[in-house]
Structure formats: structure tokens, C-alpha cells
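As stored in run-v5.txt (compact mmCIF, C-alpha atoms and all ligand atoms):
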# COMPACT_ATOMS: atom_id res chain seq x y z
CA MET R 200 17.20 9.28 -17.85
CA THR R 201 13.57 10.30 -17.85
CA ASP R 202 11.78 10.55 -14.52
CA LYS R 203 9.77 7.43 -15.24
CA ILE R 204 12.88 5.37 -16.02
CA ALA R 205 14.66 6.69 -12.92
CA LEU R 206 11.64 5.99 -10.72
CA ASP R 207 11.18 2.49 -12.11
CA ALA R 208 14.87 1.75 -11.51
CA ALA R 209 14.50 2.93 -7.91
CA LYS R 210 11.33 0.87 -7.38
CA LYS R 211 12.96 -2.23 -8.84
CA LEU R 212 16.04 -1.85 -6.68
CA ALA R 213 13.95 -1.47 -3.53
CA ALA R 214 11.78 -4.45 -4.48
CA ILE R 215 14.68 -6.79 -5.27
CA THR R 216 16.56 -5.83 -2.13
CA ALA R 217 13.53 -6.37 0.10
CA VAL R 218 12.49 -9.67 -1.52
CA ASP R 219 16.02 -11.08 -1.29
CA GLN R 220 16.19 -10.07 2.36
CA TRP R 221 12.74 -11.16 3.54
CA VAL R 222 11.43 -13.88 1.24
CA THR R 223 13.62 -16.83 2.14
CA GLU R 224 13.45 -20.62 2.15
CA GLU R 225 11.72 -20.32 5.55
CA THR R 226 8.92 -18.20 4.09
CA LYS R 227 5.85 -20.33 3.50
CA VAL R 228 3.24 -17.64 2.84
CA VAL R 229 3.93 -14.19 1.41
CA GLY R 230 1.35 -11.40 1.17
CA ILE R 231 1.43 -9.48 -2.09
CA GLY R 232 0.59 -5.78 -1.99
CA SER R 233 -0.64 -3.63 -4.86
CA GLY R 234 0.71 -0.93 -7.13
CA SER R 235 3.57 -0.47 -9.57
CA THR R 236 6.44 -1.21 -7.16
CA VAL R 237 4.98 -4.54 -6.14
CA VAL R 238 5.17 -5.67 -9.79
CA PHE R 239 8.97 -5.77 -9.42
CA ALA R 240 8.68 -7.74 -6.16
CA VAL R 241 6.49 -10.39 -7.80
CA GLU R 242 8.87 -10.57 -10.76
CA ARG R 243 11.71 -11.20 -8.33
CA ILE R 244 9.82 -13.89 -6.42
CA ALA R 245 8.96 -15.57 -9.75
CA GLU R 246 12.59 -15.35 -10.86
CA ARG R 247 13.69 -17.06 -7.65
CA VAL R 248 11.07 -19.77 -8.08
CA TRP R 249 11.38 -20.43 -11.82
CA LYS R 250 15.04 -19.61 -12.57
CA ASP R 251 16.80 -20.40 -9.29
CA GLY R 252 14.56 -23.30 -8.28
CA ALA R 253 14.20 -21.70 -4.85
CA LEU R 254 11.11 -21.00 -2.70
CA ALA R 255 9.47 -24.08 -4.23
CA ASP R 256 6.32 -24.24 -2.10
CA ILE R 257 5.73 -20.54 -1.55
CA ILE R 258 2.09 -19.44 -1.42
CA CYS R 259 1.16 -15.88 -2.39
CA VAL R 260 -1.87 -14.15 -0.86
CA PRO R 261 -3.09 -11.15 -2.88
CA SER R 262 -4.32 -7.80 -1.53
CA SER R 263 -6.25 -6.78 -4.65
CA TYR R 264 -7.48 -7.99 -8.00
CA GLN R 265 -4.28 -6.56 -9.53
CA ALA R 266 -2.15 -8.61 -7.11
CA ARG R 267 -4.21 -11.72 -7.85
CA LEU R 268 -3.55 -11.32 -11.57
CA LEU R 269 0.15 -10.68 -10.97
CA ILE R 270 0.43 -13.92 -9.00
CA LEU R 271 -1.40 -15.89 -11.68
CA ASP R 272 0.51 -14.26 -14.55
CA HIS R 273 3.78 -15.34 -12.94
CA ASN R 274 2.55 -18.90 -12.35
CA LEU R 275 2.93 -18.59 -8.60
CA THR R 276 0.67 -20.43 -6.16
CA LEU R 277 -2.37 -18.33 -5.30
CA GLY R 278 -3.47 -18.42 -1.67
CA ASP R 279 -6.29 -16.80 0.25
CA LEU R 280 -7.03 -15.78 3.81
CA ASP R 281 -9.51 -18.63 4.33
CA ARG R 282 -6.68 -21.14 4.09
CA HIS R 283 -3.62 -18.95 4.75
CA SER R 284 -4.53 -16.42 7.38
CA LYS R 285 -1.06 -16.56 8.92
CA ILE R 286 1.25 -14.72 6.58
CA ASP R 287 5.00 -14.75 7.19
CA VAL R 288 5.79 -11.54 5.39
CA TYR R 289 3.73 -8.94 3.54
CA ILE R 290 5.41 -6.80 0.88
CA ASP R 291 3.69 -3.65 -0.31
CA GLY R 292 4.31 -0.18 -1.68
CA ALA R 293 3.23 3.13 -0.16
CA ASP R 294 2.30 6.61 -1.31
CA GLU R 295 4.13 8.32 1.52
CA VAL R 296 6.19 7.19 4.51
CA ASP R 297 7.00 9.56 7.37
CA ASN R 298 9.88 9.44 9.83
CA ALA R 299 7.83 7.46 12.36
CA MET R 300 6.94 4.91 9.64
CA VAL R 301 3.33 6.02 9.38
CA LEU R 302 2.20 5.23 5.84
CA ILE R 303 -0.33 6.71 3.47
CA LYS R 304 -1.62 4.00 1.19
CA GLY R 305 -4.51 3.57 -1.21
CA GLY R 306 -3.40 5.68 -4.15
CA GLY R 307 -4.42 2.71 -6.28
CA GLY R 308 -7.59 2.24 -4.26
CA CYS R 309 -6.71 -1.10 -2.67
CA LEU R 310 -6.32 -0.01 0.95
CA LEU R 311 -9.05 -2.13 2.56
CA GLN R 312 -7.76 -5.48 1.37
CA GLU R 313 -4.19 -4.30 1.81
CA LYS R 314 -4.81 -3.51 5.46
CA ILE R 315 -6.59 -6.82 6.03
CA VAL R 316 -3.72 -8.81 4.51
CA ALA R 317 -1.13 -6.68 6.33
CA SER R 318 -2.92 -7.32 9.64
CA CYS R 319 -2.50 -11.09 9.07
CA ALA R 320 1.24 -10.80 8.51
CA LYS R 321 3.99 -11.27 11.07
CA LYS R 322 5.97 -8.60 9.26
CA MET R 323 5.04 -5.86 6.84
CA ILE R 324 7.85 -4.60 4.59
CA VAL R 325 7.43 -1.48 2.46
CA ILE R 326 9.13 -0.92 -0.88
CA ALA R 327 9.15 2.49 -2.52
CA ASP R 328 11.08 4.93 -4.64
CA TYR R 329 12.79 7.96 -3.14
CA THR R 330 9.86 10.31 -3.80
CA LYS R 331 7.77 8.57 -1.13
CA LYS R 332 10.04 9.44 1.78
CA SER R 333 8.92 12.34 3.98
CA LEU R 334 9.82 13.82 7.30
CA ARG R 335 6.12 14.40 7.96
CA LEU R 336 3.01 13.35 6.07
CA GLY R 337 1.79 15.90 3.59
CA GLU R 338 5.18 16.73 2.12
CA GLN R 339 4.69 14.46 -0.89
CA TRP R 340 1.15 13.31 -1.34
CA CYS R 341 -1.02 16.17 -2.46
CA ARG R 342 -3.96 13.87 -3.20
CA GLY R 343 -4.52 13.34 0.51
CA ILE R 344 -5.36 10.29 2.59
CA PRO R 345 -7.60 7.78 0.81
CA ILE R 346 -10.61 6.53 2.77
CA GLU R 347 -12.81 3.69 1.53
CA VAL R 348 -16.50 4.31 2.20
CA SER R 349 -19.82 2.67 1.61
CA PRO R 350 -21.34 4.42 -1.46
CA GLN R 351 -24.40 5.49 0.55
CA ALA R 352 -22.27 7.28 3.13
CA HIS R 353 -19.76 9.26 1.08
CA VAL R 354 -21.32 12.70 1.70
CA PRO R 355 -21.89 12.36 5.49
CA VAL R 356 -18.41 10.83 5.90
CA LYS R 357 -16.81 13.67 3.95
CA LEU R 358 -18.60 16.32 6.05
CA LYS R 359 -17.77 14.57 9.32
CA ILE R 360 -14.08 14.30 8.51
CA GLU R 361 -13.89 17.99 7.54
CA GLU R 362 -15.72 18.94 10.75
CA LEU R 363 -13.48 16.80 12.95
CA PHE R 364 -10.09 17.43 11.39
CA GLY R 365 -10.32 20.30 8.89
CA GLY R 366 -8.98 20.24 5.36
CA HIS R 367 -11.04 19.14 2.41
CA ALA R 368 -12.32 15.70 1.49
CA GLU R 369 -13.46 14.78 -1.99
CA LEU R 370 -14.92 11.82 -3.77
CA ARG R 371 -12.45 10.17 -6.14
CA VAL R 372 -13.89 10.23 -9.64
CA ALA R 373 -12.88 8.62 -12.91
CA LEU R 374 -11.27 10.57 -15.74
CA MET R 375 -13.55 13.11 -17.42
CA LYS R 376 -15.71 12.92 -14.26
CA ALA R 377 -17.28 9.77 -15.72
CA GLY R 378 -18.44 8.71 -12.25
CA PRO R 379 -17.00 7.65 -8.91
CA ILE R 380 -14.11 5.19 -8.82
CA VAL R 381 -15.40 1.88 -7.45
CA THR R 382 -13.02 -0.30 -5.43
CA ASP R 383 -12.52 -4.08 -5.68
CA ASN R 384 -15.06 -4.27 -2.84
CA GLY R 385 -17.76 -2.18 -4.53
CA ASN R 386 -17.10 0.90 -2.38
CA PHE R 387 -16.21 4.54 -3.12
CA LEU R 388 -13.04 6.41 -2.17
CA ILE R 389 -12.71 9.77 -0.50
CA ASP R 390 -9.37 11.58 -0.65
CA TRP R 391 -8.94 13.72 2.44
CA LYS R 392 -6.57 16.63 1.96
CA PHE R 393 -5.66 17.31 5.54
CA VAL R 394 -4.12 20.57 6.73
CA ALA R 395 -0.46 19.96 5.96
CA LYS R 396 0.82 22.44 8.56
CA ARG R 397 -1.31 21.08 11.41
CA GLU R 398 0.14 18.58 13.93
CA TYR R 399 -2.02 15.46 13.77
CA ASN R 400 -1.79 12.42 16.00
CA TRP R 401 -2.20 9.88 13.18
CA ASP R 402 -3.11 7.03 15.47
CA GLU R 403 -5.99 9.04 16.94
CA VAL R 404 -7.06 10.36 13.55
CA ASN R 405 -7.09 6.85 12.12
CA ARG R 406 -9.16 5.49 15.02
CA ALA R 407 -11.62 8.39 14.89
CA ILE R 408 -12.20 8.17 11.13
CA THR R 409 -12.59 4.40 11.31
CA MET R 410 -15.38 4.92 13.85
CA ILE R 411 -17.51 7.04 11.48
CA PRO R 412 -20.40 4.88 10.23
CA GLY R 413 -19.91 4.04 6.56
CA VAL R 414 -16.11 4.12 6.71
CA MET R 415 -14.66 0.77 5.66
CA GLU R 416 -10.99 1.62 6.18
CA THR R 417 -8.48 4.42 6.00
CA GLY R 418 -5.25 4.57 4.04
CA LEU R 419 -3.37 5.46 7.22
CA PHE R 420 -1.16 2.55 8.26
CA VAL R 421 0.08 3.25 11.78
CA ASP R 422 2.43 0.83 13.58
CA MET R 423 2.14 -1.76 10.85
CA ALA R 424 5.33 -1.68 8.78
CA ILE R 425 8.60 -2.74 10.40
CA LYS R 426 10.96 -1.70 7.60
CA CYS R 427 10.88 0.41 4.49
CA TYR R 428 13.27 0.04 1.56
CA PHE R 429 13.63 3.18 -0.54
CA GLY R 430 15.33 2.93 -3.91
CA MET R 431 17.32 6.16 -4.19
CA ALA R 432 18.14 8.28 -7.23
CA ASP R 433 21.85 7.46 -6.92
CA GLY R 434 21.29 3.71 -7.23
CA THR R 435 21.55 2.93 -3.53
CA VAL R 436 18.88 1.65 -1.17
CA LYS R 437 18.01 3.43 2.05
CA VAL R 438 16.51 1.28 4.77
CA GLN R 439 14.25 2.86 7.38
CA ASN R 440 13.14 1.12 10.60
C1 LIG R 501 -2.48 0.87 -3.75
C2 LIG R 501 -1.37 1.26 -2.86
C3 LIG R 501 0.00 1.24 -3.44
O1 LIG R 501 0.80 0.38 -2.69
C4 LIG R 501 0.55 2.64 -3.38
O2 LIG R 501 -0.35 3.48 -4.09
C5 LIG R 501 1.93 2.72 -4.00
O3 LIG R 501 1.85 2.46 -5.37
P1 LIG R 501 3.13 2.50 -6.32
O4 LIG R 501 4.00 1.35 -5.96
O5 LIG R 501 2.53 2.38 -7.70
O6 LIG R 501 3.80 3.83 -6.11
O7 LIG R 501 -1.54 1.56 -1.71
O8 LIG R 501 -3.72 1.07 -3.13

Could you take the file, read its structure, and then write that structure out as C-alpha cells?
Ligand code: 5RP
Amino acid sequence: MTDKIALDAAKKLAAITAVDQWVTEETKVVGIGSGSTVVFAVERIAERVWKDGALADIICVPSSYQARLLILDHNLTLGDLDRHSKIDVYIDGADEVDNAMVLIKGGGGCLLQEKIVASCAKKMIVIADYTKKSLRLGEQWCRGIPIEVSPQAHVPVKLKIEELFGGHAELRVALMKAGPIVTDNGNFLIDWKFVAKREYNWDEVNRAITMIPGVMETGLFVDMAIKCYFGMADGTVKVQN
């Protein structure tokens, strides 16, 4: 099996297991995260709705333009936070998950809306392949912690983060350096490569970065997820609390 096939199989297994466990007949509103793993979760929800005739009235609230399209493509009912600000369960992927369930998210650039939707959910469930599991952050994700910033502020924010916490922060640019990546919200992204060997208190780091003027949100999700389902290389699923 190629890596891609093995990873997709692991993502799918995690997604199906989590959806079957957490999206039940009692679930009225489900939050839909972003990324490649979430595609399998939406496929599973759609399969339950359209093949099994289950979850008839389920409403799906997206966390990105990609999630919105996924919901529409699968003929599921699209919700929004104006009408559905109380979400029963939010299912999303992650770029890295440490032992204390601190997440790095935003590899796909959707962290601001993801965090907003997650904050409206009673439960956040993470689905991921085995490469996302770490003892401590920095083991897996060499691209760093994504931070969404107002375009005007990307240089001062970068300098402030480096001054406060070390490492190196850089603007995320499109292929061939064609220009900065622009998020669904019209902002830029900074990827902060923190010092992997340093002990950080992620809650404090998250609060401090969020306080810098121009920062919209960080890709650090602290105390948000209650469970993570990892699809493993051997075809099993590991559940982390
Ligand atoms: C997007 C995200 C994704 O959830 C994260 O990047 C994981 O993606 P994938 O499921 O493709 O590995 O945070 O901003």
C-alpha cells in the first residue's frame, strides 16, 4: 500500500468510528470541520441519512467554505450559527494532537471559523490518522502553529511572537511565492515554528498570542476536544481522552 492509501484508510476508519459513536438519533445539529479526514465523516453522515434512512432531520453547520460545499454536495441540510448556535457535536481533524489533547489546527487555513464552531459545540471530537499523534507538540508538525492575522498586522505580529516565545514565524505564501494565502475571512496566515525542545505552557501561549493586536485566532486548541480517534496503520482505532 502506498502511504497515501494507508493514510486515507486510517482517516476513513477514524471518521466512521467517530461518526457512528457520536452522531446519533439524538443529534440535532452537527458541526462539520475542515480538511481531508472530515470528508470521510461527511460521507458517513450522508450514508446514514440517504442509505439507512437515519438522522433524518440532522442539520450540519460548516466551519469553512470547503465544509459548506461538502454539506451541499452530499445533500445534507446546511445550518449556520445565526440559527444553530447550539451544536450537539463538532467533528474535525487536526494537524497534531499531544498527550494532553492540545491540538494544532489550521494546516488548511480554516482555524478561525473552526474555533468559533467548536466553541459553540457541547462536544468536540477529533478524527485523525496515526501520523498526527504526538507525545508533545512539535514532534510531527514541522510547519508550526498557524495564526490567522489581519493583513495589515502580519509583520508586527510575527516580530512580537518571535520576541515573546522564540522560534521563527513566517507568512504562509502560495506556490511559487505567488502571494500570501488568503483565508475564507480575507486574512493572512502566519506559521510559527516554535522551539521544539522548549517547554511551553500552551494555554498561556495561546492567550498571549490572542492578545496581540491584529491576531484573529491561533491554531492552538487547548481544552476543547474531549476525544480523539486515531486510525492506526494496523487497521485498528486508538481512542484518546
Ligand atoms: C484545517 C484543519 C484541518 O482539520 C487539519 O489541517 C487536518 O487536516 P487533514 O484532515 O487533511 O489532515 O485544521 O484548517

Give one line per residue of chain R that approaches ligand LIG 501 (chain R) to at most 8 Å, naming the two atoms of the closest pair and their distance in Å to one decimal, counting all atoms listed in the file; sort by chain then ascending residue number and deliver it as JSON lines.
{"residue": "R:Lys210", "atom": "CA", "partner": "R:LIG501", "partner_atom": "O4", "distance": 7.5}
{"residue": "R:Gly232", "atom": "CA", "partner": "R:LIG501", "partner_atom": "O1", "distance": 6.2}
{"residue": "R:Ser233", "atom": "CA", "partner": "R:LIG501", "partner_atom": "O1", "distance": 4.8}
{"residue": "R:Gly234", "atom": "CA", "partner": "R:LIG501", "partner_atom": "O5", "distance": 3.8}
{"residue": "R:Ser235", "atom": "CA", "partner": "R:LIG501", "partner_atom": "O5", "distance": 3.6}
{"residue": "R:Thr236", "atom": "CA", "partner": "R:LIG501", "partner_atom": "O4", "distance": 3.7}
{"residue": "R:Val237", "atom": "CA", "partner": "R:LIG501", "partner_atom": "O4", "distance": 6.0}
{"residue": "R:Asp291", "atom": "CA", "partner": "R:LIG501", "partner_atom": "O1", "distance": 5.5}
{"residue": "R:Gly292", "atom": "CA", "partner": "R:LIG501", "partner_atom": "O1", "distance": 3.7}
{"residue": "R:Ala293", "atom": "CA", "partner": "R:LIG501", "partner_atom": "C5", "distance": 4.1}
{"residue": "R:Asp294", "atom": "CA", "partner": "R:LIG501", "partner_atom": "C5", "distance": 4.7}
{"residue": "R:Ile303", "atom": "CA", "partner": "R:LIG501", "partner_atom": "O7", "distance": 7.4}
{"residue": "R:Lys304", "atom": "CA", "partner": "R:LIG501", "partner_atom": "O7", "distance": 3.8}
{"residue": "R:Gly305", "atom": "CA", "partner": "R:LIG501", "partner_atom": "O8", "distance": 3.2}
{"residue": "R:Gly306", "atom": "CA", "partner": "R:LIG501", "partner_atom": "O2", "distance": 3.8}
{"residue": "R:Gly307", "atom": "CA", "partner": "R:LIG501", "partner_atom": "O8", "distance": 3.6}
{"residue": "R:Gly308", "atom": "CA", "partner": "R:LIG501", "partner_atom": "O8", "distance": 4.2}
{"residue": "R:Cys309", "atom": "CA", "partner": "R:LIG501", "partner_atom": "O8", "distance": 3.7}
{"residue": "R:Leu310", "atom": "CA", "partner": "R:LIG501", "partner_atom": "O8", "distance": 5.0}
{"residue": "R:Glu313", "atom": "CA", "partner": "R:LIG501", "partner_atom": "O8", "distance": 7.3}
{"residue": "R:Ile326", "atom": "CA", "partner": "R:LIG501", "partner_atom": "O4", "distance": 7.6}
{"residue": "R:Ala327", "atom": "CA", "partner": "R:LIG501", "partner_atom": "O4", "distance": 6.3}
{"residue": "R:Asp328", "atom": "CA", "partner": "R:LIG501", "partner_atom": "O6", "distance": 7.5}
{"residue": "R:Lys331", "atom": "CA", "partner": "R:LIG501", "partner_atom": "O6", "distance": 7.9}
{"residue": "R:Gly418", "atom": "CA", "partner": "R:LIG501", "partner_atom": "O7", "distance": 7.5}

**Message:** Using only C-alpha atoms, can you tell me which of R:Lys359, R:Arg243, R:Lys332, R:Lys314 comes closest to R:Ile408?
**Reply:**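 Comparing R:Lys359, R:Arg243, R:Lys332, R:Lys314 against R:Ile408, the winner is R:Lys359.
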
**Request:** Can you work out which one of R:Arg342, R:Leu271, R:Phe387, R:Val301 has the shortest atom-to-atom distance to R:Val421, counting all atoms listed in the file?
**Result:** R:Val301

Might you pull out every residue within 6 Å of R:Ile290, with all atoms listed in the file counted and same-chain residues fewer than 4 positions away left off, and present them as an mmCIF file with C-alpha atoms, keeping the file's coordinate frame?
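Writing the result to out_13.cif gives the following:
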data_model
loop_
_atom_site.group_PDB
_atom_site.id
_atom_site.type_symbol
_atom_site.label_atom_id
_atom_site.label_comp_id
_atom_site.auth_asym_id
_atom_site.auth_seq_id
_atom_site.Cartn_x
_atom_site.Cartn_y
_atom_site.Cartn_z
ATOM 1 C CA ILE R 231 1.430 -9.480 -2.090
ATOM 2 C CA GLY R 232 0.590 -5.780 -1.990
ATOM 3 C CA ILE R 324 7.850 -4.600 4.590
ATOM 4 C CA VAL R 325 7.430 -1.480 2.460
#

With 8 Å as the cut-off and all atoms listed in the file counted, what is the closest atom pair between each nearby residue of stretch 316-371 of chain R and stretch 286-289 of chain R? Distances in Å to one decimal, ordered by chain and number, as a Markdown table.
| residue | atom | partner | partner_atom | distance |
| --- | --- | --- | --- | --- |
| R:Val316 | CA | R:Tyr289 | CA | 7.5 |
| R:Ala317 | CA | R:Tyr289 | CA | 6.0 |
| R:Cys319 | CA | R:Ile286 | CA | 5.8 |
| R:Ala320 | CA | R:Ile286 | CA | 4.4 |
| R:Lys321 | CA | R:Asp287 | CA | 5.3 |
| R:Lys322 | CA | R:Val288 | CA | 4.9 |
| R:Met323 | CA | R:Tyr289 | CA | 4.7 |
| R:Ile324 | CA | R:Tyr289 | CA | 6.1 |

**Asked** Quick one, how far is atom CA of R:Glu242 from atom CA of R:Ala217?
**Response**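 These atoms are spaced 12.5 Å apart.
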
If I wrap all listed atoms of stretch 230-237 of chain R in a box with edges along x, y and z and add 4 Å on each side, what are its centre and edge lengths in Å to one decimal, as JSON?
{"center_x": 2.9, "center_y": -5.9, "center_z": -4.2, "size_x": 15.1, "size_y": 18.9, "size_z": 18.7}

**Request:** May I ask for the distance between atom CA of R:Glu403 and atom CA of R:Asn384, given in Å to one decimal place?
**Result:**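 About the pair atom CA of R:Glu403 and atom CA of R:Asn384: they are 25.5 Å apart.
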
**Local residues around (13.2, -0.3, -6.2), at most 8 Å away, using all atoms listed in the file, as a PyMOL selection string** = chain R and resi 206-216+236+239+326-328+428-431+436

**Request:** Enter the distance from atom CA of R:Lys285 to atom CA of R:Val228, in Å, rounded to one decimal.
**Result:**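 Answer for the atom CA of R:Lys285 to atom CA of R:Val228 separation: 7.5 Å.
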
**Prompt:** Counting only C-alpha atoms, what is within 10 Å of R:Arg397, bar same-chain residues fewer than 2 positions away, as a list in words?
**Reply:**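 Listed by chain and then number, they are Gly337, Phe364, Gly365, Gly366, Phe393, Val394, Ala395, Tyr399 and Asn400 of chain R.
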